[in-house]
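File shown here: coords.cif, holding mmCIF, C-alpha atoms.
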```cif
data_target
loop_
_atom_site.group_PDB
_atom_site.id
_atom_site.type_symbol
_atom_site.label_atom_id
_atom_site.label_comp_id
_atom_site.auth_asym_id
_atom_site.auth_seq_id
_atom_site.Cartn_x
_atom_site.Cartn_y
_atom_site.Cartn_z
ATOM 1 C CA MET A 27 0.000 0.000 0.000
ATOM 2 C CA PRO A 28 1.163 3.583 -0.583
ATOM 3 C CA LYS A 29 2.638 5.425 2.340
ATOM 4 C CA LYS A 30 0.253 7.592 4.303
ATOM 5 C CA ARG A 31 0.609 11.082 2.903
ATOM 6 C CA GLY A 32 0.164 12.913 6.195
ATOM 7 C CA TYR A 33 3.069 11.138 7.852
ATOM 8 C CA HIS A 34 5.235 10.870 4.758
ATOM 9 C CA HIS A 35 5.176 14.633 4.130
ATOM 10 C CA GLY A 36 5.018 15.637 7.749
ATOM 11 C CA ASN A 37 1.830 17.587 7.049
ATOM 12 C CA LEU A 38 -0.920 15.565 8.669
ATOM 13 C CA ARG A 39 -2.790 18.739 9.648
ATOM 14 C CA GLN A 40 -3.215 19.797 6.018
ATOM 15 C CA ALA A 41 -4.061 16.257 4.932
ATOM 16 C CA LEU A 42 -6.917 16.285 7.430
ATOM 17 C CA VAL A 43 -8.141 19.652 6.150
ATOM 18 C CA GLU A 44 -8.151 18.391 2.585
ATOM 19 C CA ALA A 45 -9.995 15.255 3.641
ATOM 20 C CA ALA A 46 -12.559 17.370 5.470
ATOM 21 C CA LEU A 47 -13.045 19.613 2.439
ATOM 22 C CA GLY A 48 -13.962 16.630 0.301
ATOM 23 C CA LEU A 49 -16.368 15.333 2.924
ATOM 24 C CA ILE A 50 -17.930 18.761 3.423
ATOM 25 C CA GLU A 51 -18.538 19.080 -0.294
ATOM 26 C CA ALA A 52 -20.058 15.613 -0.484
ATOM 27 C CA LYS A 53 -21.989 15.458 2.786
ATOM 28 C CA GLY A 54 -22.218 18.968 4.173
ATOM 29 C CA PRO A 55 -20.480 20.400 7.240
ATOM 30 C CA THR A 56 -22.454 18.267 9.702
ATOM 31 C CA GLY A 57 -22.634 15.108 7.605
ATOM 32 C CA PHE A 58 -19.254 13.618 8.458
ATOM 33 C CA THR A 59 -17.313 12.567 11.522
ATOM 34 C CA LEU A 60 -13.711 13.065 12.552
ATOM 35 C CA SER A 61 -13.246 9.331 12.113
ATOM 36 C CA GLU A 62 -14.249 9.662 8.466
ATOM 37 C CA ALA A 63 -11.818 12.528 7.977
ATOM 38 C CA ALA A 64 -9.063 10.470 9.569
ATOM 39 C CA LYS A 65 -9.859 7.526 7.312
ATOM 40 C CA GLN A 66 -9.760 9.750 4.229
ATOM 41 C CA ALA A 67 -6.380 11.095 5.334
ATOM 42 C CA GLY A 68 -5.102 7.573 5.980
ATOM 43 C CA VAL A 69 -4.537 7.916 9.725
ATOM 44 C CA THR A 70 -6.160 6.686 12.912
ATOM 45 C CA PRO A 71 -8.920 8.764 14.562
ATOM 46 C CA ALA A 72 -6.636 9.388 17.532
ATOM 47 C CA ALA A 73 -4.183 11.170 15.237
ATOM 48 C CA VAL A 74 -6.750 13.885 14.492
ATOM 49 C CA TYR A 75 -6.655 15.103 18.079
ATOM 50 C CA ARG A 76 -2.989 15.980 17.794
ATOM 51 C CA HIS A 77 -4.093 18.888 15.616
ATOM 52 C CA PHE A 78 -7.800 19.563 16.210
ATOM 53 C CA GLU A 79 -9.936 19.395 19.320
ATOM 54 C CA GLY A 80 -13.041 18.448 17.350
ATOM 55 C CA ARG A 81 -14.889 18.676 14.057
ATOM 56 C CA GLU A 82 -15.696 22.361 14.456
ATOM 57 C CA ASP A 83 -12.020 23.201 14.853
ATOM 58 C CA LEU A 84 -11.271 21.267 11.677
ATOM 59 C CA ILE A 85 -14.027 23.091 9.791
ATOM 60 C CA ALA A 86 -12.808 26.427 11.176
ATOM 61 C CA GLU A 87 -9.361 25.749 9.730
ATOM 62 C CA ALA A 88 -10.938 24.894 6.372
ATOM 63 C CA ALA A 89 -12.896 28.162 6.554
ATOM 64 C CA LYS A 90 -9.766 30.147 7.405
ATOM 65 C CA GLN A 91 -7.922 28.720 4.439
ATOM 66 C CA GLY A 92 -10.979 29.435 2.313
ATOM 67 C CA TYR A 93 -11.045 33.081 3.335
ATOM 68 C CA GLU A 94 -7.341 33.369 2.563
ATOM 69 C CA ILE A 95 -7.896 32.004 -0.945
ATOM 70 C CA PHE A 96 -11.015 34.123 -1.316
ATOM 71 C CA ALA A 97 -9.157 37.303 -0.357
ATOM 72 C CA ASP A 98 -6.414 36.516 -2.876
ATOM 73 C CA VAL A 99 -8.984 35.838 -5.615
ATOM 74 C CA MET A 100 -10.844 39.058 -4.843
ATOM 75 C CA GLN A 101 -7.627 41.080 -4.727
ATOM 76 C CA TYR A 102 -6.521 39.671 -8.085
ATOM 77 C CA ALA A 103 -9.914 40.525 -9.599
ATOM 78 C CA PHE A 104 -9.791 44.031 -8.144
ATOM 79 C CA ASP A 105 -6.280 44.622 -9.458
ATOM 80 C CA SER A 106 -7.173 43.239 -12.893
ATOM 81 C CA GLY A 107 -9.874 45.879 -13.310
ATOM 82 C CA GLN A 108 -7.588 48.825 -12.613
ATOM 83 C CA PRO A 109 -7.315 51.654 -13.390
ATOM 84 C CA SER A 110 -11.088 51.683 -13.898
ATOM 85 C CA ALA A 111 -12.881 51.733 -10.539
ATOM 86 C CA LEU A 112 -16.050 50.421 -12.218
ATOM 87 C CA ALA A 113 -14.267 47.528 -13.933
ATOM 88 C CA ALA A 114 -12.452 46.665 -10.705
ATOM 89 C CA PHE A 115 -15.695 46.651 -8.740
ATOM 90 C CA GLU A 116 -17.557 44.504 -11.273
ATOM 91 C CA ALA A 117 -14.622 42.076 -11.388
ATOM 92 C CA THR A 118 -14.945 41.400 -7.661
ATOM 93 C CA GLY A 119 -18.565 40.357 -8.168
ATOM 94 C CA ARG A 120 -17.637 37.889 -10.879
ATOM 95 C CA ALA A 121 -14.799 36.595 -8.716
ATOM 96 C CA TYR A 122 -17.297 35.733 -5.976
ATOM 97 C CA LEU A 123 -19.147 33.391 -8.316
ATOM 98 C CA ALA A 124 -15.922 31.909 -9.631
ATOM 99 C CA PHE A 125 -14.669 31.191 -6.117
ATOM 100 C CA ALA A 126 -17.903 29.466 -5.091
ATOM 101 C CA ARG A 127 -17.680 27.194 -8.122
ATOM 102 C CA LYS A 128 -13.991 26.361 -7.869
ATOM 103 C CA TYR A 129 -13.765 25.919 -4.091
ATOM 104 C CA PRO A 130 -17.130 24.493 -2.959
ATOM 105 C CA GLY A 131 -15.737 22.821 0.164
ATOM 106 C CA HIS A 132 -14.145 26.033 1.329
ATOM 107 C CA TYR A 133 -17.249 28.036 0.438
ATOM 108 C CA ILE A 134 -19.505 25.762 2.490
ATOM 109 C CA SER A 135 -17.079 25.897 5.413
ATOM 110 C CA MET A 136 -17.067 29.684 5.294
ATOM 111 C CA PHE A 137 -20.734 30.435 4.765
ATOM 112 C CA GLU A 138 -22.857 27.386 5.518
ATOM 113 C CA SER A 139 -21.211 25.630 8.447
ATOM 114 C CA GLY A 140 -22.426 27.905 11.221
ATOM 115 C CA ILE A 141 -18.833 28.493 12.342
ATOM 116 C CA SER A 142 -18.345 32.058 13.579
ATOM 117 C CA VAL A 143 -15.647 34.074 11.851
ATOM 118 C CA ASN A 144 -14.595 35.102 15.345
ATOM 119 C CA ARG A 145 -13.912 31.526 16.466
ATOM 120 C CA THR A 146 -10.174 32.142 16.163
ATOM 121 C CA PRO A 147 -8.119 35.312 15.643
ATOM 122 C CA GLU A 148 -6.664 33.824 12.463
ATOM 123 C CA LEU A 149 -10.099 33.129 10.996
ATOM 124 C CA ALA A 150 -11.303 36.631 11.928
ATOM 125 C CA ALA A 151 -8.252 38.218 10.298
ATOM 126 C CA ALA A 152 -8.699 36.239 7.071
ATOM 127 C CA SER A 153 -12.376 37.172 6.907
ATOM 128 C CA THR A 154 -11.616 40.841 7.523
ATOM 129 C CA ARG A 155 -9.023 40.888 4.743
ATOM 130 C CA ALA A 156 -11.533 39.424 2.280
ATOM 131 C CA ARG A 157 -14.194 41.973 3.215
ATOM 132 C CA GLY A 158 -11.624 44.722 2.989
ATOM 133 C CA VAL A 159 -11.058 44.134 -0.722
ATOM 134 C CA MET A 160 -14.736 44.707 -1.505
ATOM 135 C CA GLU A 161 -14.883 47.732 0.763
ATOM 136 C CA ARG A 162 -11.903 49.315 -1.002
ATOM 137 C CA ALA A 163 -13.545 48.629 -4.365
ATOM 138 C CA ALA A 164 -16.777 50.246 -3.167
ATOM 139 C CA GLN A 165 -14.929 53.212 -1.691
ATOM 140 C CA GLU A 166 -13.031 53.929 -4.901
ATOM 141 C CA LEU A 167 -16.155 53.608 -7.026
ATOM 142 C CA SER A 168 -18.313 55.834 -4.819
ATOM 143 C CA GLN A 169 -15.824 58.618 -4.101
ATOM 144 C CA HIS A 170 -17.457 60.934 -6.676
ATOM 145 C CA ILE A 171 -20.925 60.647 -5.109
ATOM 146 C CA PRO A 172 -21.769 63.771 -3.074
ATOM 147 C CA PRO A 173 -21.029 63.036 0.588
ATOM 148 C CA ASP A 174 -24.654 63.570 1.657
ATOM 149 C CA LYS A 175 -25.796 60.907 -0.816
ATOM 150 C CA ARG A 176 -22.884 58.495 -0.506
ATOM 151 C CA PRO A 177 -23.526 55.246 1.345
ATOM 152 C CA PRO A 178 -20.761 54.059 3.690
ATOM 153 C CA ALA A 179 -18.315 51.830 1.824
ATOM 154 C CA ALA A 180 -19.028 49.003 4.273
ATOM 155 C CA MET A 181 -22.756 49.213 3.506
ATOM 156 C CA PHE A 182 -22.175 49.524 -0.240
ATOM 157 C CA SER A 183 -19.947 46.449 -0.312
ATOM 158 C CA ALA A 184 -22.288 44.534 2.003
ATOM 159 C CA HIS A 185 -25.160 45.072 -0.432
ATOM 160 C CA ILE A 186 -23.130 43.671 -3.313
ATOM 161 C CA TRP A 187 -21.798 40.835 -1.141
ATOM 162 C CA ALA A 188 -25.374 39.915 -0.199
ATOM 163 C CA MET A 189 -26.475 40.035 -3.826
ATOM 164 C CA SER A 190 -23.543 37.869 -4.924
ATOM 165 C CA HIS A 191 -24.188 35.416 -2.101
ATOM 166 C CA GLY A 192 -27.866 35.182 -2.990
ATOM 167 C CA VAL A 193 -27.129 34.414 -6.634
ATOM 168 C CA VAL A 194 -24.649 31.727 -5.595
ATOM 169 C CA GLU A 195 -26.985 30.100 -3.080
ATOM 170 C CA LEU A 196 -30.087 30.151 -5.258
ATOM 171 C CA PHE A 197 -28.755 29.624 -8.749
ATOM 172 C CA ALA A 198 -25.060 28.710 -8.867
ATOM 173 C CA ARG A 199 -24.915 25.708 -6.526
ATOM 174 C CA ASN A 200 -27.616 23.570 -8.128
ATOM 175 C CA SER A 201 -30.160 23.941 -5.332
ATOM 176 C CA PRO A 202 -33.060 21.528 -5.961
ATOM 177 C CA GLY A 203 -35.935 23.241 -7.738
ATOM 178 C CA SER A 204 -34.027 26.504 -8.077
ATOM 179 C CA GLN A 205 -32.635 26.314 -11.590
ATOM 180 C CA SER A 206 -32.204 29.818 -12.929
ATOM 181 C CA PRO A 207 -33.677 30.840 -16.293
ATOM 182 C CA PHE A 208 -30.578 33.001 -16.742
ATOM 183 C CA PRO A 209 -26.862 32.376 -16.252
ATOM 184 C CA PRO A 210 -25.805 33.371 -12.705
ATOM 185 C CA GLU A 211 -23.235 35.781 -14.126
ATOM 186 C CA ASP A 212 -25.957 37.617 -16.058
ATOM 187 C CA LEU A 213 -28.191 37.776 -13.000
ATOM 188 C CA LEU A 214 -25.419 39.258 -10.889
ATOM 189 C CA GLU A 215 -24.261 41.697 -13.564
ATOM 190 C CA SER A 216 -27.760 43.036 -14.142
ATOM 191 C CA GLY A 217 -28.409 43.294 -10.408
ATOM 192 C CA ILE A 218 -25.193 45.222 -9.827
ATOM 193 C CA GLY A 219 -26.079 47.426 -12.793
ATOM 194 C CA ILE A 220 -29.455 48.322 -11.280
ATOM 195 C CA TYR A 221 -27.789 49.085 -7.938
ATOM 196 C CA LEU A 222 -25.104 51.281 -9.483
ATOM 197 C CA ARG A 223 -27.628 53.168 -11.618
ATOM 198 C CA GLY A 224 -29.602 53.870 -8.474
ATOM 199 C CA LEU A 225 -26.509 55.530 -7.028
ATOM 200 C CA GLY A 226 -25.904 57.458 -10.233
ATOM 201 C CA LEU A 227 -22.584 55.711 -10.836
ATOM 202 C CA ILE A 228 -23.437 54.497 -14.328
ATOM 203 C CA ALA A 229 -25.699 56.051 -16.915
ATOM 204 C CA PRO A 230 -29.263 54.752 -17.400
ATOM 205 C CA ASP A 231 -29.965 52.520 -20.366
ATOM 206 C CA SER A 232 -30.899 54.595 -23.376
#
```
Output the structure of this file as structure tokens.
Amino acid sequence: MPKKRGYHHGNLRQALVEAALGLIEAKGPTGFTLSEAAKQAGVTPAAVYRHFEGREDLIAEAAKQGYEIFADVMQYAFDSGQPSALAAFEATGRAYLAFARKYPGHYISMFESGISVNRTPELAAASTRARGVMERAAQELSQHIPPDKRPPAAMFSAHIWAMSHGVVELFARNSPGSQSPFPPEDLLESGIGIYLRGLGLIAPDS
């Protein structure tokens, strides 16, 4: 039999996270046990407790790593849209959908597991960095709105985050009975367009 990867590479902790991600994607965050994660990683259940106190700690680590990837993806999207503030902002919305598709285990750990982002300082910091990218994008895009009509950047970005999350949950993750009549990207783009027109940031359709 092949050597157990966790021991062979000296990275049992990460092997357990990767095993958990696969189980989370297949069974949901509450549909697996630590014993199953250990089996997937090729170690005994007792070995898990050298690194994690329980399943929630394992999921929290998966969520932290997810937020770190998410922040990098969002930052890359934001940078790719420069120097146009509008292009940079719209790119972050598309990146949200792309992340949810490419990293479903991480996404579920982050947003559907019930794990608080404040469970650990590391998880809180990763989450804050991810939110910060969207807030910077919103701030740059809205800087020309008169101050008395300008929403706070945190509120602006939260609206778009909520819209992106809703499109993902309802139409991009194959929820039973929720097949969209339109591509998720088109739904999100049109929704963001309506929002930005309401703020006077893009011209109305002619």
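For the atom pair formed by atom CA of A:Ile220 and atom CA of A:Tyr93, the distance is 28.0 Å, given to one decimal.
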Determine the residue membership of the PyMOL selection byres ((chain A and resi 219) around 12) for the file above and supply it as number ranges by chain.
A: 112-113, 115-116, 119, 186, 189, 212-218, 220-231
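Across A:Ala126, A:Leu47, A:Ala63, A:Ala179, the tightest approach to A:His191 is made by A:Ala126 when counting only C-alpha atoms.
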Selection in question (the file shown): the PyMOL selection byres ((chain A and resi 39) around 12). Which residues does it include, as a PDB file with C-alpha atoms, keeping the file's coordinate frame?
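Below you can see out-v5.pdb, which holds the result:
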```
ATOM      1  CA  ARG A  31       0.609  11.082   2.903  1.00  0.00           C
ATOM      2  CA  GLY A  32       0.164  12.913   6.195  1.00  0.00           C
ATOM      3  CA  TYR A  33       3.069  11.138   7.852  1.00  0.00           C
ATOM      4  CA  HIS A  35       5.176  14.633   4.130  1.00  0.00           C
ATOM      5  CA  GLY A  36       5.018  15.637   7.749  1.00  0.00           C
ATOM      6  CA  ASN A  37       1.830  17.587   7.049  1.00  0.00           C
ATOM      7  CA  LEU A  38      -0.920  15.565   8.669  1.00  0.00           C
ATOM      8  CA  GLN A  40      -3.215  19.797   6.018  1.00  0.00           C
ATOM      9  CA  ALA A  41      -4.061  16.257   4.932  1.00  0.00           C
ATOM     10  CA  LEU A  42      -6.917  16.285   7.430  1.00  0.00           C
ATOM     11  CA  VAL A  43      -8.141  19.652   6.150  1.00  0.00           C
ATOM     12  CA  GLU A  44      -8.151  18.391   2.585  1.00  0.00           C
ATOM     13  CA  ALA A  45      -9.995  15.255   3.641  1.00  0.00           C
ATOM     14  CA  ALA A  46     -12.559  17.370   5.470  1.00  0.00           C
ATOM     15  CA  ALA A  63     -11.818  12.528   7.977  1.00  0.00           C
ATOM     16  CA  ALA A  64      -9.063  10.470   9.569  1.00  0.00           C
ATOM     17  CA  ALA A  67      -6.380  11.095   5.334  1.00  0.00           C
ATOM     18  CA  GLY A  68      -5.102   7.573   5.980  1.00  0.00           C
ATOM     19  CA  VAL A  69      -4.537   7.916   9.725  1.00  0.00           C
ATOM     20  CA  ALA A  73      -4.183  11.170  15.237  1.00  0.00           C
ATOM     21  CA  VAL A  74      -6.750  13.885  14.492  1.00  0.00           C
ATOM     22  CA  TYR A  75      -6.655  15.103  18.079  1.00  0.00           C
ATOM     23  CA  ARG A  76      -2.989  15.980  17.794  1.00  0.00           C
ATOM     24  CA  HIS A  77      -4.093  18.888  15.616  1.00  0.00           C
ATOM     25  CA  PHE A  78      -7.800  19.563  16.210  1.00  0.00           C
ATOM     26  CA  ASP A  83     -12.020  23.201  14.853  1.00  0.00           C
ATOM     27  CA  LEU A  84     -11.271  21.267  11.677  1.00  0.00           C
ATOM     28  CA  GLU A  87      -9.361  25.749   9.730  1.00  0.00           C
ATOM     29  CA  ALA A  88     -10.938  24.894   6.372  1.00  0.00           C
TER      30      ALA A  88
END
```
Please identify all polymer residues within 9 Å of A:Ser61, counting all atoms listed in the file, omitting same-chain residues fewer than 2 positions from it, and present them as an MDAnalysis selection string.
chainID A and resid 58:59 63:66 70:72 74
Around (-8.2, 34.7, -0.1) in the file's frame, which residues reach within 12 Å when counting only C-alpha atoms? Return as a ChimeraX atom specification?
/A:89-103,121-122,125,129,132-133,136,149,151-159
What is the distance between atom CA of A:Leu167 and atom CA of A:Ala111, in Å to one decimal?
5.2 Å
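Our summary of the geometry notes that atom CA of A:Leu123 is positioned 7.1 Å from atom CA of A:Ser190.
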Given only C-alpha atoms as the counted atoms, nearest of A:Gly80, A:Pro207, A:Pro130, A:Pro178 to A:Leu60
A:Gly80
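The closest residue to A:Ala150, picked from A:Ile134, A:Ala117, A:Ala86, A:Val193 and counting only C-alpha atoms, is A:Ala86.
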Could you add N, CA and C atoms to stretch 140-163 of chain A and give me the result as a PDB file, in the coordinates of the input?
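Wrote rebuild_39.pdb, looks like this:
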```
ATOM      1  N   GLY A 140     -22.044  27.365   9.921  1.00  0.00           N
ATOM      2  CA  GLY A 140     -22.426  27.905  11.221  1.00  0.00           C
ATOM      3  C   GLY A 140     -21.246  28.269  12.105  1.00  0.00           C
ATOM      4  N   ILE A 141     -20.028  28.136  11.583  1.00  0.00           N
ATOM      5  CA  ILE A 141     -18.833  28.493  12.342  1.00  0.00           C
ATOM      6  C   ILE A 141     -18.657  30.009  12.333  1.00  0.00           C
ATOM      7  N   SER A 142     -18.522  30.614  13.489  1.00  0.00           N
ATOM      8  CA  SER A 142     -18.345  32.058  13.579  1.00  0.00           C
ATOM      9  C   SER A 142     -16.978  32.461  13.041  1.00  0.00           C
ATOM     10  N   VAL A 143     -16.940  33.583  12.327  1.00  0.00           N
ATOM     11  CA  VAL A 143     -15.647  34.074  11.851  1.00  0.00           C
ATOM     12  C   VAL A 143     -14.773  34.534  13.010  1.00  0.00           C
ATOM     13  N   ASN A 144     -15.363  34.690  14.177  1.00  0.00           N
ATOM     14  CA  ASN A 144     -14.595  35.102  15.345  1.00  0.00           C
ATOM     15  C   ASN A 144     -14.160  33.922  16.211  1.00  0.00           C
ATOM     16  N   ARG A 145     -14.288  32.720  15.675  1.00  0.00           N
ATOM     17  CA  ARG A 145     -13.912  31.526  16.466  1.00  0.00           C
ATOM     18  C   ARG A 145     -12.433  31.555  16.821  1.00  0.00           C
ATOM     19  N   THR A 146     -11.604  31.999  15.890  1.00  0.00           N
ATOM     20  CA  THR A 146     -10.174  32.142  16.163  1.00  0.00           C
ATOM     21  C   THR A 146      -9.706  33.480  15.616  1.00  0.00           C
ATOM     22  N   PRO A 147      -8.648  34.052  16.172  1.00  0.00           N
ATOM     23  CA  PRO A 147      -8.119  35.312  15.643  1.00  0.00           C
ATOM     24  C   PRO A 147      -7.683  35.184  14.189  1.00  0.00           C
ATOM     25  N   GLU A 148      -7.139  34.024  13.831  1.00  0.00           N
ATOM     26  CA  GLU A 148      -6.664  33.824  12.463  1.00  0.00           C
ATOM     27  C   GLU A 148      -7.825  33.818  11.471  1.00  0.00           C
ATOM     28  N   LEU A 149      -8.920  33.167  11.860  1.00  0.00           N
ATOM     29  CA  LEU A 149     -10.099  33.129  10.996  1.00  0.00           C
ATOM     30  C   LEU A 149     -10.690  34.534  10.863  1.00  0.00           C
ATOM     31  N   ALA A 150     -10.770  35.266  11.969  1.00  0.00           N
ATOM     32  CA  ALA A 150     -11.303  36.631  11.928  1.00  0.00           C
ATOM     33  C   ALA A 150     -10.455  37.526  11.025  1.00  0.00           C
ATOM     34  N   ALA A 151      -9.139  37.385  11.107  1.00  0.00           N
ATOM     35  CA  ALA A 151      -8.252  38.218  10.298  1.00  0.00           C
ATOM     36  C   ALA A 151      -8.405  37.908   8.815  1.00  0.00           C
ATOM     37  N   ALA A 152      -8.532  36.625   8.475  1.00  0.00           N
ATOM     38  CA  ALA A 152      -8.699  36.239   7.071  1.00  0.00           C
ATOM     39  C   ALA A 152     -10.017  36.758   6.523  1.00  0.00           C
ATOM     40  N   SER A 153     -11.076  36.667   7.324  1.00  0.00           N
ATOM     41  CA  SER A 153     -12.376  37.172   6.907  1.00  0.00           C
ATOM     42  C   SER A 153     -12.348  38.683   6.710  1.00  0.00           C
ATOM     43  N   THR A 154     -11.702  39.381   7.617  1.00  0.00           N
ATOM     44  CA  THR A 154     -11.616  40.841   7.523  1.00  0.00           C
ATOM     45  C   THR A 154     -10.859  41.262   6.275  1.00  0.00           C
ATOM     46  N   ARG A 155      -9.799  40.536   5.945  1.00  0.00           N
ATOM     47  CA  ARG A 155      -9.023  40.888   4.743  1.00  0.00           C
ATOM     48  C   ARG A 155      -9.869  40.723   3.489  1.00  0.00           C
ATOM     49  N   ALA A 156     -10.675  39.651   3.439  1.00  0.00           N
ATOM     50  CA  ALA A 156     -11.533  39.424   2.280  1.00  0.00           C
ATOM     51  C   ALA A 156     -12.571  40.539   2.143  1.00  0.00           C
ATOM     52  N   ARG A 157     -13.202  40.901   3.252  1.00  0.00           N
ATOM     53  CA  ARG A 157     -14.194  41.973   3.215  1.00  0.00           C
ATOM     54  C   ARG A 157     -13.550  43.299   2.829  1.00  0.00           C
ATOM     55  N   GLY A 158     -12.314  43.475   3.261  1.00  0.00           N
ATOM     56  CA  GLY A 158     -11.624  44.722   2.989  1.00  0.00           C
ATOM     57  C   GLY A 158     -11.430  44.989   1.512  1.00  0.00           C
ATOM     58  N   VAL A 159     -11.238  43.941   0.721  1.00  0.00           N
ATOM     59  CA  VAL A 159     -11.058  44.134  -0.722  1.00  0.00           C
ATOM     60  C   VAL A 159     -12.322  44.734  -1.322  1.00  0.00           C
ATOM     61  N   MET A 160     -13.480  44.189  -0.971  1.00  0.00           N
ATOM     62  CA  MET A 160     -14.736  44.707  -1.505  1.00  0.00           C
ATOM     63  C   MET A 160     -15.016  46.119  -1.000  1.00  0.00           C
ATOM     64  N   GLU A 161     -14.658  46.388   0.234  1.00  0.00           N
ATOM     65  CA  GLU A 161     -14.883  47.732   0.763  1.00  0.00           C
ATOM     66  C   GLU A 161     -14.007  48.758   0.049  1.00  0.00           C
ATOM     67  N   ARG A 162     -12.766  48.391  -0.260  1.00  0.00           N
ATOM     68  CA  ARG A 162     -11.903  49.315  -1.002  1.00  0.00           C
ATOM     69  C   ARG A 162     -12.457  49.561  -2.404  1.00  0.00           C
ATOM     70  N   ALA A 163     -12.956  48.484  -3.030  1.00  0.00           N
ATOM     71  CA  ALA A 163     -13.545  48.629  -4.365  1.00  0.00           C
ATOM     72  C   ALA A 163     -14.749  49.559  -4.318  1.00  0.00           C
TER      73      ALA A 163
END
```
